[in-house]
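A.B. asks: Sending over upload01.cif (mmCIF, C-alpha atoms and all ligand atoms).
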```cif
data_model
loop_
_atom_site.label_atom_id
_atom_site.label_comp_id
_atom_site.auth_asym_id
_atom_site.auth_seq_id
_atom_site.Cartn_x
_atom_site.Cartn_y
_atom_site.Cartn_z
CA MET A 1 15.09 125.56 37.65
CA GLY A 2 14.88 124.32 34.10
CA PRO A 3 17.15 125.24 31.18
CA SER A 4 15.29 128.49 30.48
CA HIS A 5 15.50 129.66 34.10
CA ARG A 6 19.27 129.37 33.93
CA GLU A 7 19.40 131.08 30.52
CA LEU A 8 17.04 133.83 31.67
CA THR A 9 19.29 134.54 34.66
CA ARG A 10 22.42 134.40 32.49
CA LEU A 11 21.09 136.76 29.81
CA ALA A 12 19.77 139.29 32.31
CA THR A 13 22.84 139.13 34.56
CA ILE A 14 25.92 138.36 32.47
CA GLY A 15 24.76 138.78 28.87
CA GLN A 16 25.80 136.74 25.85
CA ASP A 17 29.56 136.74 26.45
CA GLY A 18 29.95 135.30 29.92
CA GLU A 19 28.78 132.53 32.19
CA LEU A 20 27.08 132.35 35.54
CA VAL A 21 29.25 130.78 38.23
CA MET A 22 26.95 127.75 38.22
CA ASP A 23 27.66 127.35 34.49
CA GLN A 24 31.41 127.60 34.97
CA LEU A 25 31.55 124.26 36.81
CA ARG A 26 33.55 121.78 34.81
CA TYR A 27 30.95 119.10 34.05
CA ALA A 28 27.35 119.33 32.82
CA GLY A 29 24.58 116.76 32.69
CA VAL A 30 20.86 116.44 32.15
CA VAL A 31 18.40 115.01 34.69
CA HIS A 32 15.06 113.24 34.19
CA THR A 33 12.73 114.11 37.06
CA ASP A 34 9.94 111.49 36.78
CA PRO A 35 8.27 110.54 40.06
CA ASP A 36 6.72 107.10 40.71
CA ASP A 37 3.21 108.37 41.28
CA PRO A 38 -0.03 106.52 40.53
CA ASP A 39 -1.82 109.66 39.28
CA GLU A 40 0.71 112.23 38.07
CA PRO A 41 3.60 111.96 35.60
CA VAL A 42 5.05 115.33 36.69
CA THR A 43 7.00 115.47 39.93
CA ASP A 44 6.53 117.69 42.95
CA SER A 45 9.37 118.85 45.18
CA ALA A 46 8.88 116.08 47.73
CA ALA A 47 9.32 113.22 45.28
CA GLY A 48 12.04 115.16 43.45
CA ALA A 49 14.04 115.76 46.61
CA THR A 50 13.53 112.21 47.88
CA ALA A 51 15.06 110.95 44.61
CA TYR A 52 18.18 113.04 45.18
CA ALA A 53 18.34 112.36 48.92
CA SER A 54 17.63 108.64 48.94
CA GLY A 55 17.96 107.33 45.38
CA VAL A 56 14.38 106.08 45.01
CA ARG A 57 11.54 107.24 42.79
CA THR A 58 8.43 107.79 44.87
CA TYR A 59 4.98 109.40 44.86
CA ASN A 60 4.32 113.13 44.99
CA GLY A 61 4.15 114.37 48.56
CA ALA A 62 6.45 111.63 49.89
CA ILE A 63 9.26 112.74 52.22
CA GLY A 64 12.05 110.22 52.63
CA VAL A 65 9.81 107.22 51.99
CA ASP A 66 9.60 104.97 48.92
CA ALA A 67 6.56 104.30 46.75
CA GLN A 68 5.32 101.78 49.34
CA GLY A 69 5.72 104.29 52.15
CA ARG A 70 8.82 102.67 53.68
CA PRO A 71 11.52 104.98 55.09
CA VAL A 72 14.66 105.11 52.95
CA PRO A 73 18.02 106.38 54.27
CA THR A 74 19.12 109.83 53.12
CA LEU A 75 22.54 111.14 52.10
CA PRO A 76 22.94 113.20 55.29
CA GLU A 77 21.90 110.23 57.42
CA ARG A 78 24.47 108.03 55.67
CA ALA A 79 27.05 110.77 56.07
CA ARG A 80 26.27 111.03 59.77
CA ALA A 81 26.58 107.26 60.20
CA ALA A 82 30.09 107.58 58.73
CA GLY A 83 30.99 110.29 61.26
CA LYS A 84 30.47 113.23 58.91
CA ALA A 85 28.55 116.42 59.67
CA SER A 86 25.44 117.55 57.75
CA GLY A 87 23.46 120.70 57.12
CA LEU A 88 20.26 122.02 55.55
CA VAL A 89 20.07 125.58 54.20
CA THR A 90 17.09 127.05 52.33
CA THR A 91 15.12 130.24 51.75
CA ALA A 92 11.94 128.16 52.19
CA GLN A 93 10.73 126.82 55.51
CA VAL A 94 13.53 124.56 56.75
CA THR A 95 10.81 121.90 56.99
CA ASP A 96 9.55 122.41 53.42
CA ALA A 97 9.65 119.46 51.04
CA SER A 98 13.14 119.84 49.56
CA PRO A 99 15.18 120.10 52.77
CA ALA A 100 12.73 117.77 54.56
CA ALA A 101 13.49 114.90 52.19
CA PHE A 102 17.13 115.10 53.32
CA GLY A 103 16.29 114.84 57.02
CA ALA A 104 12.91 113.26 57.69
CA HIS A 105 10.61 110.36 56.81
CA VAL A 106 6.88 111.12 56.62
CA PRO A 107 4.20 109.97 54.19
CA ASP A 108 2.91 113.53 53.60
CA ARG A 109 4.97 116.70 53.11
CA GLY A 110 2.40 118.72 55.06
CA ALA A 111 3.59 117.35 58.43
CA GLN A 112 6.16 120.13 58.92
CA SER A 113 6.26 120.16 62.73
CA GLU A 114 6.78 116.40 62.77
CA ILE A 115 9.57 116.94 60.21
CA ALA A 116 11.18 119.48 62.58
CA ARG A 117 10.88 117.03 65.47
CA GLN A 118 12.59 114.34 63.40
CA TYR A 119 15.45 116.71 62.61
CA LEU A 120 16.07 117.28 66.30
CA GLU A 121 15.55 113.79 67.62
CA GLU A 122 16.42 111.50 64.72
CA SER A 123 18.42 112.81 61.75
CA LYS A 124 20.21 115.55 63.77
CA PRO A 125 21.68 117.87 61.11
CA ASP A 126 24.42 120.02 62.65
CA VAL A 127 23.23 123.14 60.83
CA ILE A 128 19.61 124.09 60.00
CA LEU A 129 19.12 127.56 58.46
CA GLY A 130 16.10 129.08 56.73
CA GLY A 131 12.50 130.10 57.31
CA GLY A 132 9.46 128.46 58.81
CA GLU A 133 9.56 129.57 62.45
CA ASP A 134 5.76 129.13 62.61
CA ARG A 135 6.18 125.35 62.35
CA TRP A 136 8.44 125.26 65.44
CA LEU A 137 6.23 127.14 67.92
CA PRO A 138 2.78 126.26 69.30
CA PRO A 139 -0.22 128.55 68.68
CA GLY A 140 -0.07 131.63 70.89
CA ASN A 141 3.74 131.76 71.02
CA PRO A 142 4.66 134.15 68.19
CA GLY A 143 8.45 133.88 68.59
CA ALA A 144 10.91 136.32 67.05
CA TYR A 145 8.73 136.85 63.95
CA PRO A 146 5.27 138.14 65.00
CA ASP A 147 2.03 136.42 64.06
CA HIS A 148 -0.20 138.09 61.45
CA PRO A 149 2.41 140.46 59.94
CA PRO A 150 1.17 143.04 57.42
CA THR A 151 3.09 141.33 54.58
CA ASP A 152 0.97 138.19 55.14
CA PRO A 153 -1.71 138.33 57.88
CA THR A 154 -2.39 134.58 57.59
CA GLU A 155 0.97 133.68 59.17
CA GLN A 156 0.86 132.39 62.76
CA SER A 157 2.65 129.86 64.93
CA SER A 158 1.14 126.43 64.36
CA SER A 159 3.38 123.69 65.76
CA GLY A 160 1.48 120.55 66.70
CA ARG A 161 4.61 119.19 68.42
CA GLY A 162 5.05 121.80 71.17
CA ASP A 163 7.89 124.33 71.42
CA LEU A 164 10.50 122.79 69.15
CA ILE A 165 12.87 125.76 69.49
CA ALA A 166 13.07 125.09 73.24
CA ARG A 167 13.57 121.41 72.44
CA ALA A 168 16.41 122.30 70.05
CA GLU A 169 18.13 124.35 72.74
CA GLN A 170 17.75 121.45 75.22
CA LEU A 171 19.49 119.25 72.69
CA GLY A 172 22.44 121.61 72.34
CA TYR A 173 21.56 123.74 69.33
CA ASP A 174 22.42 127.44 69.38
CA TYR A 175 19.19 129.09 68.18
CA VAL A 176 19.51 132.37 66.26
CA SER A 177 16.87 134.53 64.58
CA THR A 178 18.78 137.52 63.17
CA ARG A 179 21.64 138.11 60.78
CA ALA A 180 23.81 139.53 63.59
CA GLU A 181 23.14 136.54 65.87
CA LEU A 182 24.01 134.16 63.04
CA GLN A 183 27.29 135.93 62.33
CA ALA A 184 28.18 136.01 66.03
CA SER A 185 27.46 132.35 66.77
CA GLY A 186 30.45 130.11 67.27
CA ALA A 187 28.39 126.98 67.91
CA ARG A 188 28.97 123.60 66.26
CA LYS A 189 25.19 122.91 66.27
CA LEU A 190 23.17 125.74 64.84
CA LEU A 191 19.43 126.36 64.29
CA GLY A 192 18.59 129.64 62.53
CA LEU A 193 14.98 130.57 61.70
CA PHE A 194 14.64 133.88 59.85
CA ALA A 195 10.97 134.11 58.81
CA ASN A 196 7.55 132.81 59.75
CA GLU A 197 7.28 130.89 56.48
CA GLU A 198 9.36 131.43 53.30
CA MET A 199 12.06 134.11 53.60
CA PHE A 200 10.25 136.14 50.90
CA GLU A 201 6.72 136.89 49.65
CA GLN A 202 5.88 134.92 46.53
CA ARG A 203 3.32 136.94 44.58
CA ALA A 204 2.78 138.07 41.03
CA GLU A 205 4.76 141.12 39.95
CA GLY A 206 3.54 144.28 41.66
CA GLN A 207 1.18 142.44 44.00
CA GLY A 208 3.34 142.48 47.11
CA ASP A 209 6.15 140.34 45.72
CA ILE A 210 9.21 140.74 47.96
CA TYR A 211 12.60 139.07 47.81
CA ALA A 212 14.86 140.49 50.54
CA PRO A 213 15.78 137.62 52.88
CA VAL A 214 16.78 138.58 56.45
CA VAL A 215 19.99 136.64 55.76
CA PRO A 216 21.01 136.27 52.08
CA LEU A 217 21.39 132.69 50.83
CA ASP A 218 25.13 133.12 50.20
CA GLU A 219 25.69 134.27 53.79
CA MET A 220 23.78 131.28 55.16
CA THR A 221 25.87 129.05 52.89
CA GLN A 222 29.11 130.66 54.08
CA LYS A 223 28.16 130.19 57.72
CA ALA A 224 27.10 126.58 57.19
CA LEU A 225 30.37 125.75 55.44
CA GLY A 226 32.33 127.38 58.26
CA VAL A 227 30.59 125.23 60.87
CA LEU A 228 30.48 121.95 58.95
CA SER A 229 34.07 122.08 57.70
CA GLN A 230 35.27 121.85 61.30
CA ASP A 231 34.36 118.15 61.14
CA ARG A 232 37.51 116.40 59.97
CA ASP A 233 35.52 113.45 58.65
CA GLY A 234 33.82 115.68 56.09
CA PHE A 235 30.24 116.81 55.61
CA PHE A 236 27.15 116.87 53.40
CA LEU A 237 25.36 120.19 52.90
CA VAL A 238 22.25 120.86 50.83
CA VAL A 239 21.50 124.49 49.91
CA GLU A 240 18.20 125.47 48.27
CA GLU A 241 17.02 128.71 46.69
CA GLU A 242 13.28 128.22 46.93
CA GLY A 243 12.36 131.50 45.26
CA ILE A 244 13.13 130.26 41.75
CA ASP A 245 10.28 127.74 41.95
CA GLU A 246 7.88 129.91 43.94
CA PHE A 247 8.17 132.95 41.68
CA ALA A 248 7.92 130.74 38.58
CA HIS A 249 4.60 129.47 39.98
CA ARG A 250 3.53 133.16 39.96
CA ASN A 251 4.93 133.70 36.46
CA ASN A 252 7.14 136.46 37.90
CA ALA A 253 10.28 136.38 35.72
CA GLY A 254 11.80 139.49 37.30
CA LYS A 255 11.94 137.73 40.64
CA VAL A 256 13.13 134.48 39.01
CA ILE A 257 16.13 136.48 37.77
CA GLN A 258 16.72 137.95 41.23
CA THR A 259 16.51 134.57 42.96
CA GLY A 260 18.63 132.95 40.25
CA GLN A 261 21.29 135.56 41.01
CA ALA A 262 21.01 134.75 44.72
CA LEU A 263 21.59 131.07 43.98
CA ASP A 264 24.57 131.92 41.79
CA ARG A 265 26.17 133.90 44.62
CA ALA A 266 25.72 130.87 46.89
CA VAL A 267 27.39 128.68 44.26
CA ASP A 268 30.23 131.20 44.18
CA VAL A 269 30.65 130.82 47.95
CA ALA A 270 30.76 127.04 47.55
CA ARG A 271 33.25 127.29 44.71
CA ARG A 272 35.58 129.54 46.70
CA PHE A 273 35.33 127.07 49.58
CA ALA A 274 36.19 124.18 47.24
CA ALA A 275 39.21 126.09 45.94
CA THR A 276 40.76 125.87 49.41
CA HIS A 277 39.23 122.46 50.28
CA PRO A 278 40.04 120.36 47.19
CA GLY A 279 38.13 117.25 48.31
CA THR A 280 34.82 119.06 47.83
CA LEU A 281 32.21 117.94 45.29
CA ILE A 282 29.78 120.69 44.21
CA VAL A 283 26.57 119.72 42.41
CA VAL A 284 24.11 122.34 41.13
CA ALA A 285 20.80 120.72 40.23
CA ALA A 286 17.05 121.22 40.30
CA ASP A 287 14.23 118.93 41.33
CA HIS A 288 12.05 120.04 38.39
CA GLU A 289 11.18 122.85 36.00
CA THR A 290 8.34 125.24 36.85
CA GLY A 291 6.22 127.34 34.51
CA GLY A 292 7.03 125.88 31.11
CA LEU A 293 9.28 128.87 30.55
CA ALA A 294 10.43 129.99 27.09
CA ILE A 295 12.69 132.91 26.07
CA GLU A 296 11.56 134.80 22.96
CA ASN A 297 12.20 137.83 20.81
CA VAL A 298 9.92 140.73 21.69
CA ASP A 299 6.96 140.51 19.30
CA ALA A 300 3.77 142.51 19.65
CA ALA A 301 1.93 139.99 17.48
CA ASP A 302 2.77 137.13 19.82
CA GLU A 303 0.55 134.10 20.28
CA SER A 304 -0.17 134.82 23.91
CA GLY A 305 -3.59 136.37 23.49
CA GLY A 306 -6.64 134.38 24.49
CA GLY A 307 -5.15 133.15 27.73
CA VAL A 308 -2.99 130.56 25.98
CA SER A 309 0.11 131.65 27.82
CA ALA A 310 1.46 134.59 29.80
CA GLU A 311 3.96 137.08 28.36
CA ASP A 312 6.43 138.58 30.83
CA GLY A 313 8.99 141.31 30.26
CA PRO A 314 10.59 142.71 28.22
CA PHE A 315 14.01 142.27 29.82
CA THR A 316 17.37 143.56 28.63
CA VAL A 317 20.31 141.35 27.68
CA ALA A 318 23.03 142.60 30.05
CA GLY A 319 25.62 144.79 28.36
CA THR A 320 23.51 145.31 25.22
CA SER A 321 20.43 147.17 24.07
CA LEU A 322 18.82 143.87 23.03
CA GLN A 323 15.53 142.99 24.60
CA PHE A 324 13.72 139.70 25.05
CA SER A 325 10.47 138.59 26.56
CA VAL A 326 9.58 135.33 28.22
CA ASP A 327 6.50 133.21 27.86
CA TRP A 328 4.99 131.19 30.69
CA THR A 329 2.92 128.23 29.54
CA SER A 330 1.97 127.04 33.05
CA GLY A 331 1.75 128.03 36.68
CA ASN A 332 2.79 124.54 37.68
CA HIS A 333 5.69 122.14 37.36
CA SER A 334 6.59 120.56 34.03
CA ALA A 335 8.32 117.31 33.07
CA GLU A 336 11.15 119.21 31.35
CA SER A 337 14.53 117.72 32.13
CA THR A 338 16.73 119.89 34.32
CA PRO A 339 20.34 120.92 33.79
CA LEU A 340 23.01 119.83 36.25
CA THR A 341 26.54 121.16 36.61
CA ALA A 342 29.19 119.77 38.91
CA GLU A 343 32.83 120.01 39.87
CA GLY A 344 35.14 118.10 42.19
CA PRO A 345 35.77 114.45 43.06
CA GLY A 346 33.23 112.23 41.29
CA ALA A 347 31.73 115.04 39.23
CA ARG A 348 32.61 113.43 35.92
CA ALA A 349 30.13 110.61 36.59
CA LEU A 350 27.33 113.20 36.45
CA ALA A 351 28.23 114.41 32.95
CA ARG A 352 25.50 112.48 31.12
CA VAL A 353 21.77 112.07 30.73
CA GLN A 354 20.50 110.39 33.91
CA LYS A 355 17.62 109.84 36.26
CA ASN A 356 17.50 111.99 39.40
CA THR A 357 18.02 108.81 41.45
CA GLU A 358 21.35 108.26 39.67
CA VAL A 359 22.53 111.67 40.86
CA HIS A 360 22.07 110.33 44.37
CA ASP A 361 24.06 107.21 43.51
CA ALA A 362 26.94 109.26 42.09
CA ILE A 363 27.10 111.49 45.18
CA LEU A 364 27.05 108.43 47.45
CA GLU A 365 29.93 107.00 45.41
CA ALA A 366 31.86 110.27 45.57
CA MET A 367 31.47 110.32 49.36
CA ARG A 368 32.72 106.70 49.48
CA LEU A 369 29.57 105.66 51.28
CA ARG A 370 28.49 102.88 48.93
ZN ZN A 401 6.83 124.18 42.93
#
```
Step by step, read the file and then write its structure as structure tokens.
Ligand SMILES: [Zn+2]

C.D. replies:
Amino acid sequence: MGPSHRELTRLATIGQDGELVMDQLRYAGVVHTDPDDPDEPVTDSAAGATAYASGVRTYNGAIGVDAQGRPVPTLPERARAAGKASGLVTTAQVTDASPAAFGAHVPDRGAQSEIARQYLEESKPDVILGGGEDRWLPPGNPGAYPDHPPTDPTEQSSSGRGDLIARAEQLGYDYVSTRAELQASGARKLLGLFANEEMFEQRAEGQGDIYAPVVPLDEMTQKALGVLSQDRDGFFLVVEEEGIDEFAHRNNAGKVIQTGQALDRAVDVARRFAATHPGTLIVVAADHETGGLAIENVDAADESGGGVSAEDGPFTVAGTSLQFSVDWTSGNHSAESTPLTAEGPGARALARVQKNTEVHDAILEAMRLR
């Protein structure tokens, strides 16, 4: 979620005279996202999330390990050691790179069943909500979300670590797979898996692209806050809207807007929570930009011919008759710095230009865990 993703969502949702909730937070900063990778100067989500979670720059693909492959403690692990609760919420697989870097240590982000095992047996987040059921069940056990669904026939259970849902229940987690079960649960340890893989279908516009999560991100966030805030020592929660990145990879700006709105509603939930829990620090950040996105006036004589870049739109500026188009210069990540906004105790330290690892340091400081 680079600067243009936030502006795109703002223009299409609020227009020129208002702010998204995420942009109403009191402090703003800018984040450099460089990995420490021998081959690539542009980060992936694994290195980007490890920087936020553990305060080290590392190689692309690394989950909770430094550039030499050594495990490095994460914010939720430090929180847990101090008696606090922790949670992971995402619309991706709960074992995908971004949440994984907050709760596991593996040299390669592909090891998603091992990541799930580490959640249960080592890092022990109190709340785990998102997609990725296929990584928790062995082949032949389809679970609540059937193998080979029509929306994506390639999906099937693939755990190489046995039945990890059964293991979670043995260890005291309440496992839920529907919106109603999630709402009804009163458990203090909660595992919710609401899709085989991502909680949406990331495709180009009109090619089967779907964003309609079984449980909306803001509802998962609300539930997680309700569970975690019962811990009087405090908590650390990471919430990810994965669709912004995935749909940017597909140059699908319409769905970037929709997923940006979903994130903003989750930020609104967090902000309402903070209003009644004044010790709460909220940080809205991104691990990297995707797509090399630019916002432009509509121009039929644009430069995009010849496969140089991809035009998308036009879109309407909310509340006006003005139209704009967007231009995608890549289907991959870029080294663009990302915007950060924050509010609450310690937020002022984030109001500057900084490395992603320094965001970690500021959060650690704010949680008094240094
Ligand atoms: Zn990506």

A.B. asks: Contacts between ligand ZN 401 (chain A) and chain A, please, where a residue of chain A counts if it comes within 12 Å (with all atoms listed in the file); show its shortest atom pair and distance in Å to one decimal, rows by chain and ascending number, as a Markdown table.

C.D. replies:
```
| residue | atom | partner | partner_atom | distance |
| --- | --- | --- | --- | --- |
| A:Met1 | CA | A:ZN401 | ZN | 9.9 |
| A:Gly2 | CA | A:ZN401 | ZN | 11.9 |
| A:Val42 | CA | A:ZN401 | ZN | 11.0 |
| A:Thr43 | CA | A:ZN401 | ZN | 9.2 |
| A:Asp44 | CA | A:ZN401 | ZN | 6.5 |
| A:Ser45 | CA | A:ZN401 | ZN | 6.3 |
| A:Ala46 | CA | A:ZN401 | ZN | 9.6 |
| A:Ala47 | CA | A:ZN401 | ZN | 11.5 |
| A:Gly48 | CA | A:ZN401 | ZN | 10.4 |
| A:Ala49 | CA | A:ZN401 | ZN | 11.7 |
| A:Asn60 | CA | A:ZN401 | ZN | 11.5 |
| A:Gly61 | CA | A:ZN401 | ZN | 11.6 |
| A:Ala92 | CA | A:ZN401 | ZN | 11.3 |
| A:Asp96 | CA | A:ZN401 | ZN | 11.0 |
| A:Ala97 | CA | A:ZN401 | ZN | 9.8 |
| A:Ser98 | CA | A:ZN401 | ZN | 10.1 |
| A:Gln202 | CA | A:ZN401 | ZN | 11.4 |
| A:Glu241 | CA | A:ZN401 | ZN | 11.8 |
| A:Glu242 | CA | A:ZN401 | ZN | 8.6 |
| A:Gly243 | CA | A:ZN401 | ZN | 9.5 |
| A:Ile244 | CA | A:ZN401 | ZN | 8.8 |
| A:Asp245 | CA | A:ZN401 | ZN | 5.1 |
| A:Glu246 | CA | A:ZN401 | ZN | 5.9 |
| A:Phe247 | CA | A:ZN401 | ZN | 9.0 |
| A:Ala248 | CA | A:ZN401 | ZN | 7.9 |
| A:His249 | CA | A:ZN401 | ZN | 6.5 |
| A:Arg250 | CA | A:ZN401 | ZN | 10.0 |
| A:Asn251 | CA | A:ZN401 | ZN | 11.7 |
| A:Ala286 | CA | A:ZN401 | ZN | 11.0 |
| A:Asp287 | CA | A:ZN401 | ZN | 9.2 |
| A:His288 | CA | A:ZN401 | ZN | 8.1 |
| A:Glu289 | CA | A:ZN401 | ZN | 8.3 |
| A:Thr290 | CA | A:ZN401 | ZN | 6.4 |
| A:Gly291 | CA | A:ZN401 | ZN | 9.0 |
| A:Gly292 | CA | A:ZN401 | ZN | 11.9 |
| A:Ser330 | CA | A:ZN401 | ZN | 11.4 |
| A:Gly331 | CA | A:ZN401 | ZN | 8.9 |
| A:Asn332 | CA | A:ZN401 | ZN | 6.6 |
| A:His333 | CA | A:ZN401 | ZN | 6.0 |
| A:Ser334 | CA | A:ZN401 | ZN | 9.6 |
```

A.B. asks: Restricting the calculation to only C-alpha atoms, which member of A:Val65, A:Val215, A:Ala85, A:Leu20 is positioned closest to A:Leu129?

C.D. replies: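 Ranked by minimum distance to A:Leu129, first place goes to A:Val215.
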
A.B. asks: Once you add 3 Å to each side, what are the centre and edge lengths of the axis-aligned box holding all listed atoms of stretch 278-295 of chain A? One decimal in Å, as lines of an AutoDock Vina configuration file, if you can.

C.D. replies:
```
center_x = 23.1
center_y = 125.1
center_z = 37.2
size_x = 39.8
size_y = 21.7
size_z = 28.2
```

A.B. asks: Just how far from atom CA of A:Gly29 is atom CA of A:Thr341, in Å to one decimal?

C.D. replies: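 These two atoms are separated by 6.2 Å.
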
A.B. asks: Go ahead and compute the interatomic distance for atom CA of A:Arg348 and atom CA of A:Val21, in Å to one decimal.

C.D. replies: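 Calculated distance between atom CA of A:Arg348 and atom CA of A:Val21 is 17.8 Å.
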
A.B. asks: Pull the neighbourhood of (15.0, 123.4, 68.6) for me: all residues within 10 Å in file coordinates, counting only C-alpha atoms, as a list in words.

C.D. replies: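 Result, sorted by chain then residue number: Ala116, Arg117, Tyr119, Leu120, Glu121, Ile128, Trp136, Leu137, Asp163, Leu164, Ile165, Ala166, Arg167, Ala168, Glu169, Gln170, Leu171, Gly172, Tyr173, Asp174, Tyr175, Leu190, Leu191, Gly192 and Leu193 of chain A.
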
A.B. asks: With distances taken over all atoms listed in the file, which residue among A:Asp218, A:Asp209, A:Glu201, A:Glu7 lies nearest A:Val269?

C.D. replies: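 Selected residue with least distance to A:Val269: A:Asp218.
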
A.B. asks: Quick one: contact table of stretch 92-205 of chain A to stretch 219-237 of chain A, 9 Å max, nearest atom pair and distance in Å to one decimal per residue, counting only C-alpha atoms, chain and number order, as a tab-separated table?

C.D. replies:
```
residue	atom	partner	partner_atom	distance
A:Asp126	CA	A:Leu228	CA	7.4
A:Val127	CA	A:Ala224	CA	6.3
A:Ile128	CA	A:Ala224	CA	8.4
A:Leu129	CA	A:Met220	CA	6.8
A:Gly130	CA	A:Met220	CA	8.1
A:Arg179	CA	A:Glu219	CA	8.9
A:Leu182	CA	A:Lys223	CA	7.8
A:Gln183	CA	A:Lys223	CA	7.4
A:Gly186	CA	A:Val227	CA	8.0
A:Ala187	CA	A:Val227	CA	7.6
A:Arg188	CA	A:Val227	CA	5.9
A:Lys189	CA	A:Val227	CA	8.0
A:Leu190	CA	A:Val227	CA	8.4
```

A.B. asks: One decimal, in Å: what's the spacing between atom CA of A:Gln261 and atom CA of A:Glu240?

C.D. replies: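 Going from atom CA of A:Gln261 over to atom CA of A:Glu240 covers 12.8 Å.
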
A.B. asks: Please determine, counting all atoms listed in the file, which residue among A:Gly319, A:Pro138, A:Pro149, A:Gly55 has the shortest atom-to-atom distance to A:Thr33.

C.D. replies: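 Checking each of A:Gly319, A:Pro138, A:Pro149, A:Gly55 against A:Thr33, counting all atoms listed in the file, the winner is A:Gly55.
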
A.B. asks: Residues near A:Thr50, anyone? I mean within 7 Å using all atoms listed in the file, not counting same-chain ones fewer than 4 positions away, as a list in words.

C.D. replies: Ala46, Ser54, Val56, Ile63, Gly64 and Ala101 of chain A
